[in-house]
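One file, my_file.pdb, is given below (PDB, C-alpha atoms).
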ATOM      1  CA  MET A  10     100.903  86.326  85.237
ATOM      2  CA  PRO A  11      99.581  89.874  85.170
ATOM      3  CA  ARG A  12     100.346  92.063  88.124
ATOM      4  CA  ILE A  13      97.333  92.704  90.330
ATOM      5  CA  PHE A  14      97.377  96.004  92.182
ATOM      6  CA  ARG A  15      95.051  96.388  95.153
ATOM      7  CA  ALA A  16      93.327  99.699  95.627
ATOM      8  CA  ALA A  17      91.322  98.781  98.687
ATOM      9  CA  PRO A  18      90.045 101.673 100.726
ATOM     10  CA  ALA A  19      92.408 101.177 103.582
ATOM     11  CA  ILE A  20      94.157 104.466 104.161
ATOM     12  CA  PRO A  21      97.586 104.762 105.774
ATOM     13  CA  LEU A  22      97.550 107.497 108.407
ATOM     14  CA  LEU A  23     100.518 109.324 109.937
ATOM     15  CA  LEU A  24      99.970 111.528 112.963
ATOM     16  CA  LEU A  25     102.465 113.411 115.117
ATOM     17  CA  ALA A  26     102.378 113.674 118.889
ATOM     18  CA  THR A  27     104.415 115.700 121.389
ATOM     19  CA  SER A  28     106.094 114.071 124.367
ATOM     20  CA  ALA A  29     102.775 114.393 126.157
ATOM     21  CA  SER A  30     101.288 112.261 123.339
ATOM     22  CA  ALA A  31      98.882 115.016 122.285
ATOM     23  CA  GLN A  32      97.619 114.515 118.763
ATOM     24  CA  LEU A  33      98.562 117.375 116.433
ATOM     25  CA  GLY A  34      96.360 116.180 113.560
ATOM     26  CA  ALA A  35      96.647 114.335 110.279
ATOM     27  CA  LEU A  36      99.226 115.543 107.784
ATOM     28  CA  GLN A  37      97.697 116.899 104.581
ATOM     29  CA  GLY A  38      98.051 114.310 101.870
ATOM     30  CA  ALA A  39      98.704 111.533 104.407
ATOM     31  CA  ALA A  40      96.054 109.510 102.574
ATOM     32  CA  PRO A  41      96.975 110.147  98.923
ATOM     33  CA  SER A  42      95.083 107.169  97.525
ATOM     34  CA  GLU A  43      93.171 104.067  98.390
ATOM     35  CA  THR A  44      96.219 101.827  98.054
ATOM     36  CA  PRO A  45      97.402 100.344 101.386
ATOM     37  CA  LEU A  46     101.064  99.707 102.103
ATOM     38  CA  PRO A  47     102.136  96.042 102.259
ATOM     39  CA  ALA A  48     102.093  94.193 105.555
ATOM     40  CA  THR A  49     105.307  93.467 107.459
ATOM     41  CA  PRO A  50     106.406  90.146 105.939
ATOM     42  CA  HIS A  51     107.711  88.375 109.030
ATOM     43  CA  VAL A  52     104.244  87.865 110.578
ATOM     44  CA  ALA A  53     101.233  86.479 108.740
ATOM     45  CA  ALA A  54      98.113  88.653 108.990
ATOM     46  CA  PRO A  55      94.530  87.308 108.934
ATOM     47  CA  ALA A  56      93.143  86.532 105.478
ATOM     48  CA  GLY A  57      91.348  89.496 103.948
ATOM     49  CA  SER A  58      93.014  92.061 106.194
ATOM     50  CA  VAL A  59      94.703  95.268 105.089
ATOM     51  CA  GLY A  60      97.802  96.852 106.587
ATOM     52  CA  GLY A  61      98.967 100.398 107.136
ATOM     53  CA  MET A  62     102.277 102.145 107.773
ATOM     54  CA  GLY A  63     102.680 100.622 111.230
ATOM     55  CA  ASP A  64     102.221  97.115 112.594
ATOM     56  CA  ILE A  65      98.426  96.981 112.736
ATOM     57  CA  ASN A  66      96.039  95.215 110.357
ATOM     58  CA  LEU A  67      92.287  95.702 110.060
ATOM     59  CA  TYR A  68      89.776  93.228 108.715
ATOM     60  CA  PRO A  69      87.584  93.215 106.741
ATOM     61  CA  LYS A  70      88.908  95.811 104.253
ATOM     62  CA  ARG A  71      85.600  97.729 104.367
ATOM     63  CA  VAL A  72      82.322  97.544 106.253
ATOM     64  CA  VAL A  73      78.835  97.936 104.794
ATOM     65  CA  ILE A  74      75.881  97.956 107.228
ATOM     66  CA  SER A  75      72.273  97.932 106.080
ATOM     67  CA  ASP A  76      69.375  99.381 108.050
ATOM     68  CA  ARG A  77      68.313  95.787 108.767
ATOM     69  CA  GLU A  78      71.598  94.679 110.366
ATOM     70  CA  ARG A  79      72.511  97.639 112.619
ATOM     71  CA  THR A  80      75.801  96.094 113.903
ATOM     72  CA  ALA A  81      79.218  95.080 112.569
ATOM     73  CA  SER A  82      82.557  93.921 113.935
ATOM     74  CA  ILE A  83      86.009  95.097 112.879
ATOM     75  CA  GLY A  84      89.082  93.091 113.781
ATOM     76  CA  LEU A  85      92.435  94.576 114.794
ATOM     77  CA  TYR A  86      95.547  92.430 114.498
ATOM     78  CA  ASN A  87      98.931  93.389 115.970
ATOM     79  CA  ARG A  88     101.619  91.866 113.756
ATOM     80  CA  ALA A  89     104.457  93.520 115.711
ATOM     81  CA  ALA A  90     106.843  91.657 118.003
ATOM     82  CA  SER A  91     105.630  93.569 121.086
ATOM     83  CA  THR A  92     102.422  94.757 122.729
ATOM     84  CA  GLY A  93     100.792  97.824 121.213
ATOM     85  CA  ASP A  94      98.134 100.338 122.281
ATOM     86  CA  TYR A  95      95.727 101.750 119.689
ATOM     87  CA  ASP A  96      93.201 104.575 119.776
ATOM     88  CA  ILE A  97      89.984 103.788 117.896
ATOM     89  CA  THR A  98      88.201 106.755 116.301
ATOM     90  CA  LEU A  99      85.673 107.526 113.582
ATOM     91  CA  THR A 100      86.210 110.470 111.230
ATOM     92  CA  GLU A 101      84.978 111.979 107.975
ATOM     93  CA  LEU A 102      87.007 111.746 104.765
ATOM     94  CA  VAL A 103      86.041 113.145 101.364
ATOM     95  CA  MET A 104      86.988 111.546  98.038
ATOM     96  CA  THR A 105      88.378 113.837  95.342
ATOM     97  CA  PRO A 106      88.191 113.142  91.573
ATOM     98  CA  ASP A 107      91.799 111.903  91.583
ATOM     99  CA  GLY A 108      90.938 109.228  94.159
ATOM    100  CA  ARG A 109      92.473 110.843  97.239
ATOM    101  CA  LEU A 110      90.658 110.764 100.573
ATOM    102  CA  LEU A 111      91.077 113.972 102.568
ATOM    103  CA  ALA A 112      89.717 115.541 105.733
ATOM    104  CA  PRO A 113      86.927 117.998 104.853
ATOM    105  CA  ALA A 114      89.069 120.984 105.898
ATOM    106  CA  ALA A 115      91.722 119.994 103.341
ATOM    107  CA  VAL A 116      89.304 119.785 100.386
ATOM    108  CA  ALA A 117      89.484 122.802  98.081
ATOM    109  CA  GLU A 118      86.011 122.271  96.573
ATOM    110  CA  PRO A 119      83.190 123.003  99.068
ATOM    111  CA  ALA A 120      80.693 121.237  96.789
ATOM    112  CA  LEU A 121      82.426 117.911  97.394
ATOM    113  CA  VAL A 122      82.193 118.349 101.159
ATOM    114  CA  SER A 123      78.523 119.316 100.955
ATOM    115  CA  ARG A 124      77.708 116.103  99.074
ATOM    116  CA  LEU A 125      79.215 113.850 101.749
ATOM    117  CA  ARG A 126      76.510 112.177 103.839
ATOM    118  CA  SER A 127      78.251 111.604 107.145
ATOM    119  CA  ALA A 128      77.534 108.481 109.159
ATOM    120  CA  LEU A 129      79.190 109.887 112.305
ATOM    121  CA  PRO A 130      75.902 110.849 114.011
ATOM    122  CA  LEU A 131      74.598 107.318 113.423
ATOM    123  CA  LEU A 132      77.512 105.304 114.819
ATOM    124  CA  LYS A 133      78.787 104.191 118.200
ATOM    125  CA  TRP A 134      81.719 101.865 118.821
ATOM    126  CA  SER A 135      83.393 100.021 121.654
ATOM    127  CA  PRO A 136      86.104  99.885 122.891
ATOM    128  CA  HIS A 137      87.713 103.263 122.155
ATOM    129  CA  ARG A 138      91.215 102.019 123.015
ATOM    130  CA  VAL A 139      92.698  98.567 122.498
ATOM    131  CA  THR A 140      95.830  96.963 123.971
ATOM    132  CA  LEU A 141      97.041  94.061 121.858
ATOM    133  CA  PRO A 142      99.875  91.642 122.665
ATOM    134  CA  ALA A 143     102.097  90.623 119.775
ATOM    135  CA  ASN A 144     100.389  88.508 117.093
ATOM    136  CA  GLU A 145      96.963  88.768 118.730
ATOM    137  CA  ALA A 146      93.644  90.167 117.522
ATOM    138  CA  GLN A 147      90.603  91.844 119.047
ATOM    139  CA  MET A 148      87.214  92.795 117.668
ATOM    140  CA  VAL A 149      85.702  96.289 117.913
ATOM    141  CA  ARG A 150      81.935  96.421 117.754
ATOM    142  CA  VAL A 151      80.267  99.143 115.675
ATOM    143  CA  MET A 152      76.576  99.909 116.255
ATOM    144  CA  VAL A 153      74.203 101.921 114.083
ATOM    145  CA  ARG A 154      71.197 103.908 115.249
ATOM    146  CA  ILE A 155      69.004 105.072 112.354
ATOM    147  CA  PRO A 156      66.416 107.774 113.165
ATOM    148  CA  PRO A 157      62.964 107.073 111.671
ATOM    149  CA  GLU A 158      63.050 110.316 109.656
ATOM    150  CA  LEU A 159      66.456 109.663 108.054
ATOM    151  CA  PRO A 160      66.197 109.882 104.232
ATOM    152  CA  PRO A 161      67.152 106.770 102.220
ATOM    153  CA  GLY A 162      70.660 106.662 100.805
ATOM    154  CA  GLU A 163      74.271 105.951 101.681
ATOM    155  CA  TYR A 164      76.101 107.432 104.675
ATOM    156  CA  ARG A 165      79.819 107.021 105.359
ATOM    157  CA  ALA A 166      82.470 107.437 108.026
ATOM    158  CA  HIS A 167      86.008 106.076 108.351
ATOM    159  CA  PHE A 168      87.179 103.782 111.138
ATOM    160  CA  ASN A 169      90.710 104.600 112.340
ATOM    161  CA  ALA A 170      93.128 102.560 114.433
ATOM    162  CA  ILE A 171      96.050 104.792 115.487
ATOM    163  CA  ALA A 172      99.107 103.563 117.358
ATOM    164  CA  VAL A 173      99.767 105.160 120.758
ATOM    165  CA  PRO A 174     103.555 105.540 121.170
ATOM    166  CA  PRO A 175     105.128 104.456 124.454
ATOM    167  CA  PRO A 176     106.638 107.157 126.714
ATOM    168  CA  THR A 177     110.143 106.336 125.459
ATOM    169  CA  ASP A 178     110.004 105.651 121.753
ATOM    170  CA  GLU A 179     113.254 104.826 119.980
ATOM    171  CA  ILE A 180     112.218 106.640 116.788
ATOM    172  CA  ALA A 181     111.594 109.918 118.600
ATOM    173  CA  VAL A 182     113.547 112.935 117.314
ATOM    174  CA  GLU A 183     114.861 115.624 119.636
ATOM    175  CA  GLN A 184     114.744 119.059 117.983
ATOM    176  CA  THR A 185     116.429 121.874 119.891
ATOM    177  CA  GLY A 186     115.903 125.506 118.904
ATOM    178  CA  PRO A 187     118.217 128.491 119.372
ATOM    179  CA  ASP A 188     116.848 129.065 122.882
ATOM    180  CA  GLY A 189     117.763 125.538 123.921
ATOM    181  CA  VAL A 190     114.137 124.362 124.237
ATOM    182  CA  GLY A 191     113.720 120.807 122.946
ATOM    183  CA  VAL A 192     110.628 119.364 121.285
ATOM    184  CA  ARG A 193     110.254 115.619 121.155
ATOM    185  CA  ILE A 194     108.303 114.496 118.069
ATOM    186  CA  VAL A 195     106.876 110.986 117.928
ATOM    187  CA  PRO A 196     105.183 109.603 114.779
ATOM    188  CA  ARG A 197     101.772 107.953 115.256
ATOM    189  CA  PHE A 198     101.001 105.427 112.560
ATOM    190  CA  GLY A 199      97.578 104.106 111.784
ATOM    191  CA  ILE A 200      95.154 102.775 109.213
ATOM    192  CA  SER A 201      91.598 103.586 108.171
ATOM    193  CA  ILE A 202      88.784 101.690 106.449
ATOM    194  CA  PRO A 203      85.348 102.951 105.351
ATOM    195  CA  VAL A 204      82.206 102.203 107.327
ATOM    196  CA  ILE A 205      79.189 102.558 105.035
ATOM    197  CA  VAL A 206      75.583 102.667 106.232
ATOM    198  CA  ARG A 207      72.865 102.110 103.626
ATOM    199  CA  VAL A 208      69.308 103.126 104.431
ATOM    200  CA  GLY A 209      66.404 101.897 102.320
ATOM    201  CA  GLU A 210      66.760 101.032  98.653
ATOM    202  CA  THR A 211      69.814 102.427  96.857
ATOM    203  CA  THR A 212      70.659 102.627  93.170
ATOM    204  CA  LEU A 213      73.845 102.599  91.111
ATOM    205  CA  THR A 214      74.800 102.974  87.460
ATOM    206  CA  ALA A 215      78.493 102.874  86.530
ATOM    207  CA  GLY A 216      80.372 103.681  83.332
ATOM    208  CA  LEU A 217      83.847 103.668  81.754
ATOM    209  CA  ALA A 218      85.233 106.291  79.370
ATOM    210  CA  GLY A 219      88.377 108.007  78.092
ATOM    211  CA  LEU A 220      90.850 105.149  77.775
ATOM    212  CA  GLN A 221      94.424 106.401  77.338
ATOM    213  CA  ILE A 222      97.938 105.003  77.525
ATOM    214  CA  ALA A 223     100.097 106.849  80.039
ATOM    215  CA  ARG A 224     103.488 106.511  81.693
ATOM    216  CA  GLN A 225     103.933 106.045  85.407
ATOM    217  CA  ALA A 226     106.573 107.852  87.418
ATOM    218  CA  ASP A 227     109.046 105.022  86.801
ATOM    219  CA  GLY A 228     108.404 105.140  83.045
ATOM    220  CA  SER A 229     106.382 101.917  82.865
ATOM    221  CA  PRO A 230     103.142 101.957  80.813
ATOM    222  CA  ALA A 231      99.662 102.104  82.275
ATOM    223  CA  PHE A 232      96.077 102.530  81.157
ATOM    224  CA  THR A 233      94.079 105.469  82.445
ATOM    225  CA  VAL A 234      90.293 105.440  82.378
ATOM    226  CA  ARG A 235      87.477 107.510  83.874
ATOM    227  CA  VAL A 236      85.113 105.537  86.099
ATOM    228  CA  SER A 237      81.736 107.224  86.481
ATOM    229  CA  ARG A 238      78.891 106.706  88.941
ATOM    230  CA  GLU A 239      75.246 107.745  89.146
ATOM    231  CA  GLY A 240      72.660 106.925  91.775
ATOM    232  CA  THR A 241      72.378 106.893  95.545
ATOM    233  CA  ARG A 242      75.214 104.530  96.480
ATOM    234  CA  SER A 243      78.933 104.281  95.835
ATOM    235  CA  ALA A 244      80.589 101.918  93.387
ATOM    236  CA  PHE A 245      83.260  99.442  94.453
ATOM    237  CA  GLY A 246      84.835  96.699  92.392
ATOM    238  CA  ASP A 247      87.664  95.369  90.234
ATOM    239  CA  ILE A 248      88.765  96.556  86.782
ATOM    240  CA  ALA A 249      90.315  94.295  84.133
ATOM    241  CA  VAL A 250      91.633  95.218  80.683
ATOM    242  CA  THR A 251      91.555  92.373  78.172
ATOM    243  CA  ALA A 252      92.517  91.870  74.522
ATOM    244  CA  PRO A 253      91.010  89.404  72.002
ATOM    245  CA  GLY A 254      92.788  86.055  71.912
ATOM    246  CA  LEU A 255      94.633  86.539  75.212
ATOM    247  CA  LYS A 256      93.709  84.314  78.142
ATOM    248  CA  LYS A 257      94.990  86.704  80.809
ATOM    249  CA  PRO A 258      94.209  90.397  81.308
ATOM    250  CA  LEU A 259      96.737  92.971  80.165
ATOM    251  CA  ALA A 260      96.127  94.803  83.450
ATOM    252  CA  GLU A 261      94.008  94.472  86.580
ATOM    253  CA  ILE A 262      93.294  96.594  89.612
ATOM    254  CA  ARG A 263      91.206  95.586  92.607
ATOM    255  CA  GLY A 264      89.045  97.559  94.992
ATOM    256  CA  VAL A 265      88.319 100.672  92.901
ATOM    257  CA  GLY A 266      85.802 102.825  94.751
ATOM    258  CA  VAL A 267      83.846 105.839  93.561
ATOM    259  CA  TYR A 268      82.100 107.438  96.530
ATOM    260  CA  THR A 269      78.862 109.374  96.405
ATOM    261  CA  GLU A 270      80.401 112.856  96.666
ATOM    262  CA  ILE A 271      81.958 112.515  93.197
ATOM    263  CA  ALA A 272      80.447 111.632  89.812
ATOM    264  CA  GLU A 273      83.666 110.156  88.396
ATOM    265  CA  ARG A 274      87.343 109.575  89.092
ATOM    266  CA  THR A 275      90.362 108.834  86.950
ATOM    267  CA  VAL A 276      92.058 105.492  87.614
ATOM    268  CA  GLN A 277      95.525 104.399  86.504
ATOM    269  CA  ILE A 278      96.014 100.673  85.830
ATOM    270  CA  PRO A 279      99.643  99.514  85.473
ATOM    271  CA  ILE A 280     100.110  97.178  82.504
ATOM    272  CA  ASP A 281     101.589  93.735  83.065
ATOM    273  CA  PRO A 282     105.301  94.133  82.230
ATOM    274  CA  LYS A 283     105.239  90.703  80.553
ATOM    275  CA  ALA A 284     102.476  91.706  78.151
ATOM    276  CA  ASP A 285     103.322  92.024  74.463
ATOM    277  CA  PRO A 286     103.321  95.771  73.615
ATOM    278  CA  ALA A 287     101.653  94.932  70.309
ATOM    279  CA  ALA A 288      98.531  93.928  72.247
ATOM    280  CA  TYR A 289      98.005  97.524  73.365
ATOM    281  CA  ALA A 290      99.639  99.449  70.511
ATOM    282  CA  ARG A 291      97.769 102.213  68.687
ATOM    283  CA  GLY A 292      94.679 100.818  66.991
ATOM    284  CA  ALA A 293      94.454  97.731  69.229
ATOM    285  CA  LYS A 294      90.958  96.635  70.283
ATOM    286  CA  LEU A 295      90.556  96.290  74.059
ATOM    287  CA  THR A 296      87.728  95.640  76.477
ATOM    288  CA  ILE A 297      87.561  97.105  79.997
ATOM    289  CA  THR A 298      85.281  95.508  82.586
ATOM    290  CA  TYR A 299      84.302  96.890  86.002
ATOM    291  CA  THR A 300      83.037  94.034  88.212
ATOM    292  CA  ASP A 301      81.161  94.594  91.460
ATOM    293  CA  ASP A 302      82.722  93.553  94.787
ATOM    294  CA  ASP A 303      80.036  95.132  96.949
ATOM    295  CA  ALA A 304      76.243  94.765  96.834
ATOM    296  CA  THR A 305      76.204  92.105  94.082
ATOM    297  CA  PRO A 306      79.673  90.497  93.915
ATOM    298  CA  GLY A 307      80.552  89.272  90.451
ATOM    299  CA  LYS A 308      78.006  91.434  88.640
ATOM    300  CA  VAL A 309      79.415  93.475  85.751
ATOM    301  CA  LEU A 310      78.869  97.133  86.643
ATOM    302  CA  ALA A 311      80.218  98.431  83.328
ATOM    303  CA  ARG A 312      81.881  97.067  80.209
ATOM    304  CA  GLN A 313      83.294  99.122  77.358
ATOM    305  CA  ASP A 314      85.170  98.313  74.165
ATOM    306  CA  PHE A 315      87.956 100.725  73.237
ATOM    307  CA  THR A 316      90.359 101.292  70.382
ATOM    308  CA  VAL A 317      93.736 102.442  71.681
ATOM    309  CA  PRO A 318      94.229 106.036  70.452
TER     310      PRO A 318
END

Before anything else, please render the file you have as structure tokens.
Amino acid sequence: MPRIFRAAPAIPLLLLATSASAQLGALQGAAPSETPLPATPHVAAPAGSVGGMGDINLYPKRVVISDRERTASIGLYNRAASTGDYDITLTELVMTPDGRLLAPAAVAEPALVSRLRSALPLLKWSPHRVTLPANEAQMVRVMVRIPPELPPGEYRAHFNAIAVPPPTDEIAVEQTGPDGVGVRIVPRFGISIPVIVRVGETTLTAGLAGLQIARQADGSPAFTVRVSREGTRSAFGDIAVTAPGLKKPLAEIRGVGVYTEIAERTVQIPIDPKADPAAYARGAKLTITYTDDDATPGKVLARQDFTVP
């Protein structure tokens, strides 16, 4: 079976707080990609949920609201063995051409930030803090207010659930300076998913280009390909690389998004370690397919035949 790597837009967050639990802000690079960390295995999470660095799951993995619906619900599930408190916030994140999602202040290219259409002014949510007993879930309601003069298109914010550490946290670290003053640092783990608001009719054209064979950090082979997007909405779907005569894909990756602030991004697709290297050797004929998992699930957004260089 080929390995399937999920690249859903759930973003692990790591915040730091002082002993007074004051948020110091997100660490730069805390959301390096769209790939969520795996859930804690000892507790089953709801189907379709995504997990972060802590013990909280969100479901669904992303939210798309049209101007006809105006409301959505997001579920929080505490898979820890004890009760947890979580702050619920909405923020802006900008996608870069390498697939990272960063706070606007951390983006080096002002043009990317200027192209983000923020949904923050359109959204309200309740509650703003949730207390969840172990293995229980609660829904947070998100409401959209669309002004009559708002131009058609896609607007986006990111829904964050951030753990509130208890007053005495076992993983706290006491750091004492030369003057004997101690600072107690407590990690705050969380997770983020996109909330997309679409107003009026939106358009999308996607493409695939630049297939290459690359090596991952561990030395294993992978395909790299540029996924492009034109139009007024983002692209989101699954990519499969197939070879003639083979029943199973050589590689697959799920949940590849290209948001509206970028025209293209480079995606790396790890190759199934059980695949015959001859199937993707130089000169091999391959087909890459990008299949929608958004507005029209199952529709082929782009398909391209390649010869391995």

- [ ] Apply the PyMOL selection byres ((chain A and resi 221) around 10) to the displayed file and report the matching residues as a PyMOL selection string.
- [x] chain A and resi 218-220+222-223+231-235+277+315-318

Can you check which parts of region 81-178 of chain A lie within 6 Å of region 197-208 of chain A? Per residue, the shortest pair of atoms and distance in Å to one decimal, counting all atoms listed in the file, sorted by chain and number, as a Markdown table.
| residue | atom | partner | partner_atom | distance |
| --- | --- | --- | --- | --- |
| A:Pro161 | CA | A:Val208 | CA | 4.8 |
| A:Gly162 | CA | A:Val208 | CA | 5.2 |
| A:Glu163 | CA | A:Arg207 | CA | 4.5 |
| A:Tyr164 | CA | A:Val206 | CA | 5.0 |
| A:Arg165 | CA | A:Ile205 | CA | 4.5 |
| A:Ala166 | CA | A:Val204 | CA | 5.3 |
| A:His167 | CA | A:Pro203 | CA | 4.4 |
| A:Phe168 | CA | A:Ser201 | CA | 5.3 |
| A:Asn169 | CA | A:Ser201 | CA | 4.4 |
| A:Ala170 | CA | A:Gly199 | CA | 5.4 |
| A:Ile171 | CA | A:Gly199 | CA | 4.1 |
| A:Ala172 | CA | A:Phe198 | CA | 5.5 |

Task: Residue contacts of region 250-257 of chain A (9 Å, all atoms listed in the file) excluding same-chain residues fewer than 2 positions away, as a list in words - done: Met10, Pro11, Phe232, Ile248, Leu259, Ala260, Glu261, Ile278, Ile280, Ala288, Tyr289, Ala293, Lys294, Leu295, Thr296, Ile297 and Thr298 of chain A

Open item on the list: For the PyMOL selection byres ((chain A and resi 247) around 7), applied here, can you spell out every residue it catches as a list in words?
Closed with: Gly246, Ile248, Ala249, Ile262, Arg263, Gly264, Val265, Tyr299, Thr300, Asp301 and Asp302 of chain A

- [ ] Using CA of Val122 (chain A) and CA of Leu110 (chain A) as the two end points, give the distance in Å to one decimal.
- [x]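 Separating CA of Val122 (chain A) from CA of Leu110 (chain A) is a distance of 11.4 Å.
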
TODO: Have a look at CA of Thr275 (chain A) and CA of Leu99 (chain A) and let me know their distance in Å, one decimal.
DONE: 27.1 Å

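The interatomic distance for the pair CA of Pro258 (chain A) and CA of Leu310 (chain A) works out to 17.6 Å.
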
Task: Using all atoms listed in the file: which of A:Arg79, A:Arg88, A:Lys283, A:Arg150 has the shortest distance to Asn66 (chain A) - done: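 Ranking A:Arg79, A:Arg88, A:Lys283, A:Arg150 by distance to Asn66 (chain A), first place goes to A:Arg88.
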
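Comparing the minimum interatomic distances between Gln225 (chain A) and each of A:Leu102, A:Leu111, A:Pro279, A:Ala128, counting only C-alpha atoms, we find that A:Pro279 sits nearest.
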
Task: Result set, the PyMOL selection byres ((chain A and resi 65) around 6) on current file, as a list in words - done: Gly63, Asp64, Asn66, Tyr86 and Asn87 of chain A

Open item on the list: Could you check the closest approach to Ile271 (chain A) for each of A:Arg124, A:Arg291, A:Arg138, A:Arg224 and tell me which residue wins, using all atoms listed in the file?
Closed with: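 Among the listed residues, A:Arg124 lies closest to Ile271 (chain A).
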
Task: Surrounding residues of Ala304 (chain A) excluding itself and chain neighbours under 5 positions, 12 Å, all atoms listed in the file, as JSON, numbers by chain - done: {"A": [72, 73, 74, 75, 205, 207, 210, 211, 212, 213, 242, 243, 244, 245, 246, 309, 310]}

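Remark: for Gly240 (chain A), the closest of the candidate residues A:Gly216, A:Trp134, A:Glu78, A:Gly228 is A:Gly216 (distances computed over only C-alpha atoms).
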